[in-house]
file input30.cif (mmCIF, C-alpha atoms and all ligand atoms)
data_run
#
loop_
_atom_site.label_atom_id
_atom_site.label_comp_id
_atom_site.auth_asym_id
_atom_site.auth_seq_id
_atom_site.Cartn_x
_atom_site.Cartn_y
_atom_site.Cartn_z
CA MET A 1 0.00 0.00 0.00
CA TRP A 2 0.98 3.62 -0.30
CA THR A 3 0.55 6.60 1.98
CA TYR A 4 0.07 10.06 0.49
CA GLU A 5 2.00 13.08 1.67
CA LYS A 6 0.44 16.35 0.64
CA LYS A 7 3.57 18.04 -0.65
CA LEU A 8 5.65 17.89 -3.80
CA GLN A 9 9.04 16.18 -3.86
CA PHE A 10 10.50 19.47 -5.16
CA PRO A 11 8.65 22.82 -5.02
CA VAL A 12 6.89 24.09 -8.14
CA LYS A 13 6.12 27.82 -8.00
CA ILE A 14 5.53 29.21 -11.48
CA LYS A 15 4.46 32.85 -11.72
CA ASN A 16 3.92 33.28 -15.47
CA PRO A 17 1.51 31.20 -17.56
CA ASP A 18 3.08 29.77 -20.71
CA PRO A 19 0.95 27.49 -22.90
CA LYS A 20 3.80 26.95 -25.35
CA SER A 21 6.00 25.36 -22.66
CA ALA A 22 3.06 23.34 -21.31
CA GLN A 23 2.55 21.87 -24.78
CA ILE A 24 6.05 20.34 -24.77
CA ILE A 25 6.42 19.51 -21.05
CA ILE A 26 3.26 17.40 -21.23
CA SER A 27 5.31 14.70 -22.95
CA GLN A 28 6.83 13.92 -19.55
CA LEU A 29 3.32 13.26 -18.26
CA GLY A 30 1.92 11.00 -20.98
CA GLY A 31 4.61 10.62 -23.62
CA PRO A 32 6.69 7.56 -24.54
CA ASP A 33 9.37 8.30 -21.93
CA GLY A 34 7.19 10.14 -19.42
CA GLU A 35 6.62 9.65 -15.72
CA LEU A 36 3.31 7.80 -16.06
CA GLY A 37 4.94 5.13 -18.22
CA ALA A 38 7.94 4.93 -15.87
CA SER A 39 5.82 4.37 -12.76
CA MET A 40 3.63 1.77 -14.51
CA ARG A 41 6.67 -0.04 -15.88
CA TYR A 42 8.55 -0.51 -12.59
CA LEU A 43 5.53 -1.09 -10.36
CA HIS A 44 4.40 -3.96 -12.59
CA GLN A 45 7.81 -5.46 -13.34
CA ARG A 46 8.45 -6.06 -9.63
CA TYR A 47 6.02 -8.99 -9.36
CA SER A 48 8.05 -11.35 -11.50
CA CYS A 49 11.40 -10.29 -10.07
CA PRO A 50 12.97 -13.21 -8.19
CA TYR A 51 15.41 -11.12 -6.10
CA ASP A 52 14.12 -9.20 -3.08
CA LYS A 53 16.70 -6.41 -3.26
CA VAL A 54 15.89 -5.76 -6.93
CA THR A 55 12.16 -5.87 -6.20
CA GLY A 56 12.80 -3.23 -3.54
CA ILE A 57 14.61 -1.01 -6.06
CA LEU A 58 11.75 -1.36 -8.57
CA THR A 59 9.23 -0.46 -5.85
CA ASP A 60 11.28 2.53 -4.65
CA VAL A 61 11.89 3.96 -8.10
CA GLY A 62 8.35 3.23 -9.30
CA THR A 63 6.97 5.04 -6.26
CA GLU A 64 9.25 8.02 -6.85
CA GLU A 65 8.07 8.18 -10.47
CA LEU A 66 4.53 8.68 -9.13
CA ALA A 67 5.86 11.69 -7.21
CA HIS A 68 7.44 12.93 -10.45
CA LEU A 69 4.16 12.45 -12.28
CA GLU A 70 2.62 14.71 -9.64
CA MET A 71 5.36 17.33 -10.13
CA VAL A 72 4.91 17.37 -13.91
CA ALA A 73 1.15 17.71 -13.46
CA ALA A 74 1.73 20.64 -11.04
CA ILE A 75 4.01 22.32 -13.61
CA LEU A 76 1.35 21.90 -16.31
CA TYR A 77 -1.40 23.17 -14.03
CA GLN A 78 0.56 26.26 -13.04
CA LEU A 79 1.59 27.02 -16.63
CA THR A 80 -2.00 26.92 -17.88
CA ARG A 81 -4.10 28.34 -15.04
CA ASN A 82 -5.37 31.89 -15.55
CA LEU A 83 -4.70 31.79 -19.28
CA LYS A 84 -6.51 34.31 -21.44
CA GLU A 85 -8.19 33.09 -24.62
CA SER A 86 -5.91 35.40 -26.56
CA GLU A 87 -2.89 33.57 -25.13
CA ILE A 88 -4.29 30.21 -26.25
CA GLU A 89 -5.30 31.31 -29.74
CA GLY A 90 -2.50 30.63 -32.19
CA SER A 91 -0.38 28.80 -29.60
CA PRO A 92 0.52 25.10 -29.97
CA PHE A 93 -1.59 24.51 -26.83
CA ALA A 94 -4.79 25.40 -28.72
CA THR A 95 -5.34 21.88 -30.10
CA TYR A 96 -5.00 20.37 -26.60
CA PHE A 97 -7.32 23.06 -25.21
CA VAL A 98 -10.08 22.07 -27.65
CA ASP A 99 -10.12 18.51 -26.28
CA HIS A 100 -9.27 19.00 -22.59
CA THR A 101 -9.66 22.73 -21.79
CA THR A 102 -6.97 23.16 -19.09
CA GLY A 103 -7.54 19.77 -17.45
CA ILE A 104 -4.50 17.57 -16.95
CA TYR A 105 -4.63 14.66 -19.38
CA PRO A 106 -1.66 12.40 -20.22
CA VAL A 107 -0.63 12.88 -23.84
CA ALA A 108 2.70 13.17 -25.65
CA ALA A 109 3.91 16.52 -26.98
CA SER A 110 2.74 15.29 -30.39
CA GLY A 111 -0.82 14.97 -29.01
CA VAL A 112 -0.86 11.15 -28.98
CA PRO A 113 -2.62 9.98 -25.79
CA PHE A 114 -0.73 7.86 -23.24
CA ASP A 115 -0.42 4.26 -24.37
CA MET A 116 0.55 1.18 -22.32
CA LYS A 117 2.71 0.24 -25.32
CA TYR A 118 5.29 2.50 -23.68
CA VAL A 119 5.46 0.09 -20.72
CA GLY A 120 7.73 -2.94 -21.12
CA VAL A 121 7.11 -5.88 -18.77
CA LYS A 122 8.74 -9.08 -20.01
CA GLY A 123 8.78 -11.20 -16.86
CA ASP A 124 12.53 -11.82 -17.12
CA ILE A 125 14.33 -9.49 -14.73
CA LEU A 126 17.46 -9.24 -16.87
CA THR A 127 15.42 -8.20 -19.90
CA ASP A 128 13.32 -5.81 -17.80
CA LEU A 129 16.33 -4.12 -16.23
CA HIS A 130 17.89 -3.48 -19.63
CA GLU A 131 14.61 -1.86 -20.64
CA ASP A 132 14.70 0.24 -17.46
CA LEU A 133 18.25 1.45 -18.02
CA ALA A 134 17.31 2.58 -21.54
CA ALA A 135 14.08 4.16 -20.26
CA GLU A 136 15.97 6.27 -17.72
CA GLN A 137 18.38 7.49 -20.39
CA LYS A 138 15.48 8.36 -22.70
CA ALA A 139 13.73 10.26 -19.92
CA ARG A 140 16.94 12.15 -19.15
CA THR A 141 17.37 13.04 -22.84
CA THR A 142 13.78 14.29 -22.98
CA TYR A 143 14.43 16.57 -19.99
CA ASP A 144 17.64 17.74 -21.71
CA ASN A 145 15.57 18.64 -24.77
CA LEU A 146 13.03 20.52 -22.65
CA LEU A 147 15.83 22.48 -20.97
CA ARG A 148 17.09 23.46 -24.44
CA LEU A 149 13.70 25.02 -25.20
CA ILE A 150 12.64 26.61 -21.88
CA ASP A 151 14.06 29.84 -20.40
CA ASP A 152 11.86 30.56 -17.35
CA PRO A 153 13.89 29.67 -14.21
CA ASP A 154 10.65 28.86 -12.33
CA VAL A 155 10.09 26.06 -14.85
CA ARG A 156 13.70 25.08 -15.38
CA GLU A 157 14.50 24.41 -11.70
CA PRO A 158 11.96 21.60 -11.13
CA ILE A 159 12.84 20.16 -14.54
CA LYS A 160 16.53 20.17 -13.61
CA PHE A 161 15.62 18.31 -10.42
CA LEU A 162 13.64 15.71 -12.40
CA ARG A 163 16.51 15.29 -14.86
CA ALA A 164 18.96 14.69 -11.99
CA ARG A 165 16.70 12.01 -10.54
CA GLU A 166 16.69 10.12 -13.87
CA ILE A 167 20.47 9.85 -13.55
CA VAL A 168 20.11 8.49 -10.00
CA HIS A 169 17.51 5.98 -11.23
CA TYR A 170 19.88 4.84 -13.97
CA GLN A 171 22.52 4.18 -11.31
CA ARG A 172 20.05 2.29 -9.13
CA PHE A 173 19.04 0.05 -12.04
CA ALA A 174 22.72 -0.52 -12.81
CA ASP A 175 23.10 -1.74 -9.20
CA ALA A 176 19.99 -3.89 -9.67
CA LEU A 177 21.40 -5.44 -12.85
CA ARG A 178 24.62 -6.31 -11.01
CA ILE A 179 22.62 -7.98 -8.23
CA ALA A 180 20.60 -9.96 -10.78
CA GLN A 181 23.70 -11.02 -12.71
CA ASP A 182 25.47 -12.05 -9.50
CA ASN A 183 22.51 -14.36 -8.89
CA LEU A 184 22.70 -16.11 -12.24
CA ASP A 185 23.06 -19.87 -12.01
CA SER A 186 26.42 -19.63 -13.76
CA LYS A 187 28.46 -16.65 -14.91
CA ASN A 188 28.22 -16.12 -18.63
CA PHE A 189 28.92 -13.39 -21.10
CA TYR A 190 25.39 -13.20 -22.39
CA ALA A 191 22.97 -11.76 -19.87
CA PHE A 192 20.37 -14.44 -19.50
CA ASN A 193 19.60 -16.94 -16.79
CA PRO A 194 20.45 -20.45 -18.02
CA SER A 195 17.67 -21.91 -15.89
CA PHE A 196 15.12 -19.89 -17.84
CA ASP A 197 16.59 -21.12 -21.09
CA ARG A 198 16.05 -24.75 -20.08
CA ALA A 199 12.39 -24.18 -19.27
CA GLY A 200 10.22 -26.71 -21.05
CA LYS A 201 6.49 -26.80 -21.57
CA ASN A 202 5.79 -28.46 -18.25
CA ASP A 203 8.19 -26.45 -16.10
CA ARG A 204 6.58 -24.17 -13.56
CA MET A 205 6.69 -20.50 -14.49
CA ASN A 206 6.43 -19.19 -10.92
CA ARG A 207 10.14 -18.63 -10.48
CA SER A 208 9.65 -16.36 -7.49
CA CYS A 209 8.53 -19.32 -5.35
CA ARG A 210 12.16 -20.45 -5.22
CA ARG A 211 12.93 -17.56 -2.92
CA PRO A 212 13.17 -18.30 0.78
CA ASN A 213 10.33 -16.69 2.80
CA CYS A 214 8.40 -15.70 -0.34
CA GLN A 215 5.47 -13.58 0.78
CA GLY A 216 3.67 -13.65 -2.56
CA ARG A 217 4.10 -9.86 -2.79
FE FE A 301 13.18 7.83 -13.55
#
call {"tool": "encode", "arguments": {"input": "input30.cif", "output": "C-alpha cells"}}
result
Amino acid sequence: MWTYEKKLQFPVKIKNPDPKSAQIIISQLGGPDGELGASMRYLHQRYSCPYDKVTGILTDVGTEELAHLEMVAAILYQLTRNLKESEIEGSPFATYFVDHTTGIYPVAASGVPFDMKYVGVKGDILTDLHEDLAAEQKARTTYDNLLRLIDDPDVREPIKFLRAREIVHYQRFADALRIAQDNLDSKNFYAFNPSFDRAGKNDRMNRSCRRPNCQGR
C-alpha cells in the first residue's frame, strides 16, 4: 500500500503562464518516456522479479516516479491556469485546449494519448532491467531537450531536479542489474539466466517461489 504526503518532492512555483511550454512539457506526463509510463513499468515489473533487493529497487523507483508524475502535473497546471483566450489562440496549446480545456490529461507533446505500449514488462528481470536502463536514459534526454527550449527559471528548476533524478535511477538500475547477474546460475557473457533457457512446456513459471520466505508480494 501507499501513503500520500500532501507536498511535492521538489517545489513548483511558477508565476507566469506559458501554454507553449506546457505543450512540450506534457510529454513527460503521458509521452513515450514520461513519468506515467515509468511508474507503470517498474511497479508492474516487480512482481516477476525473483530477487528481493531488486524488487525493492523497482518499488522505490516506481513510487518516486509517481511523485514525479505529480510534479509534472503541477508544472502543467501552473503554466496553464489563468490563461486568457488570446494567449491560447494561435499557440501550440490550442489543439489540446479544444479537447481538454486546461484539465490535466496524459498525452505526448505530439498529441498522442498515453499508451501502455510504452510500458515494457517481459517477466525476465534481466530483460526488464535493460529496458529500465534505456528508459531512464530516454527520460533524461527528454528533460535535456526541454531544458534546451525553456528559459523561465521557475520552470527550469523543477525540470533540472527531475533530470537529476533520472540519472540516479539509472545508477540504481545498474546496481539492480549487477545484483541480478550475481545471482545467475552460472556466470556467462550473455545476460540471461540459463535456468530460464532450459524451461520446457511443463516447467513451472512461478520462479519467485524459489525464494526463501516468499510472501507472494
Ligand atoms: Fe526515472
call {"tool": "residues_near_ligand", "arguments": {"input": "input30.cif", "ligand": "ligand FE 301 (chain A)", "cutoff": "9 Å", "atoms": "only C-alpha atoms and all ligand atoms", "output": "MDAnalysis selection string"}}
result
chainID A and resid 34:35 38:39 61:62 64:65 68 132 135:137 139:140 162:163 165:170
call {"tool": "closest_residue", "arguments": {"input": "input30.cif", "among": "A:Ala22, A:Ile150, A:Met1, A:Cys49", "to": "A:Ile88", "atoms": "all atoms listed in the file"}}
result
A:Ala22
call {"tool": "atom_distance", "arguments": {"input": "input30.cif", "atom1": "atom CA of A:Tyr42", "atom2": "atom CA of A:Pro11"}}
result
24.5 Å
call {"tool": "closest_residue", "arguments": {"input": "input30.cif", "among": "A:Ser27, A:Asn82, A:Thr3, A:Gln9", "to": "A:Asp115", "atoms": "all atoms listed in the file"}}
result
A:Ser27
call {"tool": "axis_aligned_box", "arguments": {"input": "input30.cif", "around": "stretch 149-164 of chain A", "padding_each_side": "5 Å", "output": "AutoDock Vina command-line options"}}
result
--center_x 14.5 --center_y 22.6 --center_z -17.8 --size_x 18.9 --size_y 25.9 --size_z 24.8
call {"tool": "atom_distance", "arguments": {"input": "input30.cif", "atom1": "atom CA of A:Asp151", "atom2": "atom CA of A:Leu76"}}
result
15.5 Å
call {"tool": "closest_residue", "arguments": {"input": "input30.cif", "among": "A:Asp99, A:Ala180, A:Ala67, A:Met40", "to": "A:Val119", "atoms": "only C-alpha atoms"}}
result
A:Met40
call {"tool": "atom_distance", "arguments": {"input": "input30.cif", "atom1": "atom CA of A:Arg156", "atom2": "atom CA of A:Gln171"}}
result
23.0 Å
call {"tool": "residues_around", "arguments": {"input": "input30.cif", "residues": "A:Gln28", "least_positions_apart": "4", "cutoff": "9 Å", "atoms": "only C-alpha atoms", "output": "list in words"}}
result
Ile24, Pro32, Asp33, Gly34, Glu35, Leu36, Leu69, Val72, Pro106, Val107, Ala108, Ala109, Ala139, Thr142 and Tyr143 of chain A
call {"tool": "closest_residue", "arguments": {"input": "input30.cif", "among": "A:Leu129, A:Ile25, A:Ala73, A:Ile57", "to": "A:Tyr105", "atoms": "only C-alpha atoms"}}
result
A:Ala73
call {"tool": "closest_residue", "arguments": {"input": "input30.cif", "among": "A:Thr55, A:Thr127, A:Asn145, A:Gln78", "to": "A:Ile104", "atoms": "all atoms listed in the file"}}
result
A:Gln78
call {"tool": "closest_residue", "arguments": {"input": "input30.cif", "among": "A:Arg178, A:Lys13, A:Arg46, A:Arg41", "to": "A:Lys117", "atoms": "only C-alpha atoms"}}
result
A:Arg41
call {"tool": "residues_near_point", "arguments": {"input": "input30.cif", "point": "(-2.5, 10.4, -6.3)", "cutoff": "8 Å", "atoms": "all atoms listed in the file", "output": "PyMOL selection string"}}
result
chain A and resi 4+66+70
call {"tool": "decode", "arguments": {"input": "input30.cif", "residues": "stretch 14-160 of chain A", "atoms": "C-alpha atoms", "output": "short mmCIF file (atom, residue, chain, number, x, y, z; two decimals), in the first residue's frame"}}
result
data_model
loop_
_atom_site.label_atom_id
_atom_site.label_comp_id
_atom_site.auth_asym_id
_atom_site.auth_seq_id
_atom_site.Cartn_x
_atom_site.Cartn_y
_atom_site.Cartn_z
CA ILE A 14 5.53 29.21 -11.48
CA LYS A 15 4.46 32.85 -11.72
CA ASN A 16 3.92 33.28 -15.47
CA PRO A 17 1.51 31.20 -17.56
CA ASP A 18 3.08 29.77 -20.71
CA PRO A 19 0.95 27.49 -22.90
CA LYS A 20 3.80 26.95 -25.35
CA SER A 21 6.00 25.36 -22.66
CA ALA A 22 3.06 23.34 -21.31
CA GLN A 23 2.55 21.87 -24.78
CA ILE A 24 6.05 20.34 -24.77
CA ILE A 25 6.42 19.51 -21.05
CA ILE A 26 3.26 17.40 -21.23
CA SER A 27 5.31 14.70 -22.95
CA GLN A 28 6.83 13.92 -19.55
CA LEU A 29 3.32 13.26 -18.26
CA GLY A 30 1.92 11.00 -20.98
CA GLY A 31 4.61 10.62 -23.62
CA PRO A 32 6.69 7.56 -24.54
CA ASP A 33 9.37 8.30 -21.93
CA GLY A 34 7.19 10.14 -19.42
CA GLU A 35 6.62 9.65 -15.72
CA LEU A 36 3.31 7.80 -16.06
CA GLY A 37 4.94 5.13 -18.22
CA ALA A 38 7.94 4.93 -15.87
CA SER A 39 5.82 4.37 -12.76
CA MET A 40 3.63 1.77 -14.51
CA ARG A 41 6.67 -0.04 -15.88
CA TYR A 42 8.55 -0.51 -12.59
CA LEU A 43 5.53 -1.09 -10.36
CA HIS A 44 4.40 -3.96 -12.59
CA GLN A 45 7.81 -5.46 -13.34
CA ARG A 46 8.45 -6.06 -9.63
CA TYR A 47 6.02 -8.99 -9.36
CA SER A 48 8.05 -11.35 -11.50
CA CYS A 49 11.40 -10.29 -10.07
CA PRO A 50 12.97 -13.21 -8.19
CA TYR A 51 15.41 -11.12 -6.10
CA ASP A 52 14.12 -9.20 -3.08
CA LYS A 53 16.70 -6.41 -3.26
CA VAL A 54 15.89 -5.76 -6.93
CA THR A 55 12.16 -5.87 -6.20
CA GLY A 56 12.80 -3.23 -3.54
CA ILE A 57 14.61 -1.01 -6.06
CA LEU A 58 11.75 -1.36 -8.57
CA THR A 59 9.23 -0.46 -5.85
CA ASP A 60 11.28 2.53 -4.65
CA VAL A 61 11.89 3.96 -8.10
CA GLY A 62 8.35 3.23 -9.30
CA THR A 63 6.97 5.04 -6.26
CA GLU A 64 9.25 8.02 -6.85
CA GLU A 65 8.07 8.18 -10.47
CA LEU A 66 4.53 8.68 -9.13
CA ALA A 67 5.86 11.69 -7.21
CA HIS A 68 7.44 12.93 -10.45
CA LEU A 69 4.16 12.45 -12.28
CA GLU A 70 2.62 14.71 -9.64
CA MET A 71 5.36 17.33 -10.13
CA VAL A 72 4.91 17.37 -13.91
CA ALA A 73 1.15 17.71 -13.46
CA ALA A 74 1.73 20.64 -11.04
CA ILE A 75 4.01 22.32 -13.61
CA LEU A 76 1.35 21.90 -16.31
CA TYR A 77 -1.40 23.17 -14.03
CA GLN A 78 0.56 26.26 -13.04
CA LEU A 79 1.59 27.02 -16.63
CA THR A 80 -2.00 26.92 -17.88
CA ARG A 81 -4.10 28.34 -15.04
CA ASN A 82 -5.37 31.89 -15.55
CA LEU A 83 -4.70 31.79 -19.28
CA LYS A 84 -6.51 34.31 -21.44
CA GLU A 85 -8.19 33.09 -24.62
CA SER A 86 -5.91 35.40 -26.56
CA GLU A 87 -2.89 33.57 -25.13
CA ILE A 88 -4.29 30.21 -26.25
CA GLU A 89 -5.30 31.31 -29.74
CA GLY A 90 -2.50 30.63 -32.19
CA SER A 91 -0.38 28.80 -29.60
CA PRO A 92 0.52 25.10 -29.97
CA PHE A 93 -1.59 24.51 -26.83
CA ALA A 94 -4.79 25.40 -28.72
CA THR A 95 -5.34 21.88 -30.10
CA TYR A 96 -5.00 20.37 -26.60
CA PHE A 97 -7.32 23.06 -25.21
CA VAL A 98 -10.08 22.07 -27.65
CA ASP A 99 -10.12 18.51 -26.28
CA HIS A 100 -9.27 19.00 -22.59
CA THR A 101 -9.66 22.73 -21.79
CA THR A 102 -6.97 23.16 -19.09
CA GLY A 103 -7.54 19.77 -17.45
CA ILE A 104 -4.50 17.57 -16.95
CA TYR A 105 -4.63 14.66 -19.38
CA PRO A 106 -1.66 12.40 -20.22
CA VAL A 107 -0.63 12.88 -23.84
CA ALA A 108 2.70 13.17 -25.65
CA ALA A 109 3.91 16.52 -26.98
CA SER A 110 2.74 15.29 -30.39
CA GLY A 111 -0.82 14.97 -29.01
CA VAL A 112 -0.86 11.15 -28.98
CA PRO A 113 -2.62 9.98 -25.79
CA PHE A 114 -0.73 7.86 -23.24
CA ASP A 115 -0.42 4.26 -24.37
CA MET A 116 0.55 1.18 -22.32
CA LYS A 117 2.71 0.24 -25.32
CA TYR A 118 5.29 2.50 -23.68
CA VAL A 119 5.46 0.09 -20.72
CA GLY A 120 7.73 -2.94 -21.12
CA VAL A 121 7.11 -5.88 -18.77
CA LYS A 122 8.74 -9.08 -20.01
CA GLY A 123 8.78 -11.20 -16.86
CA ASP A 124 12.53 -11.82 -17.12
CA ILE A 125 14.33 -9.49 -14.73
CA LEU A 126 17.46 -9.24 -16.87
CA THR A 127 15.42 -8.20 -19.90
CA ASP A 128 13.32 -5.81 -17.80
CA LEU A 129 16.33 -4.12 -16.23
CA HIS A 130 17.89 -3.48 -19.63
CA GLU A 131 14.61 -1.86 -20.64
CA ASP A 132 14.70 0.24 -17.46
CA LEU A 133 18.25 1.45 -18.02
CA ALA A 134 17.31 2.58 -21.54
CA ALA A 135 14.08 4.16 -20.26
CA GLU A 136 15.97 6.27 -17.72
CA GLN A 137 18.38 7.49 -20.39
CA LYS A 138 15.48 8.36 -22.70
CA ALA A 139 13.73 10.26 -19.92
CA ARG A 140 16.94 12.15 -19.15
CA THR A 141 17.37 13.04 -22.84
CA THR A 142 13.78 14.29 -22.98
CA TYR A 143 14.43 16.57 -19.99
CA ASP A 144 17.64 17.74 -21.71
CA ASN A 145 15.57 18.64 -24.77
CA LEU A 146 13.03 20.52 -22.65
CA LEU A 147 15.83 22.48 -20.97
CA ARG A 148 17.09 23.46 -24.44
CA LEU A 149 13.70 25.02 -25.20
CA ILE A 150 12.64 26.61 -21.88
CA ASP A 151 14.06 29.84 -20.40
CA ASP A 152 11.86 30.56 -17.35
CA PRO A 153 13.89 29.67 -14.21
CA ASP A 154 10.65 28.86 -12.33
CA VAL A 155 10.09 26.06 -14.85
CA ARG A 156 13.70 25.08 -15.38
CA GLU A 157 14.50 24.41 -11.70
CA PRO A 158 11.96 21.60 -11.13
CA ILE A 159 12.84 20.16 -14.54
CA LYS A 160 16.53 20.17 -13.61
#
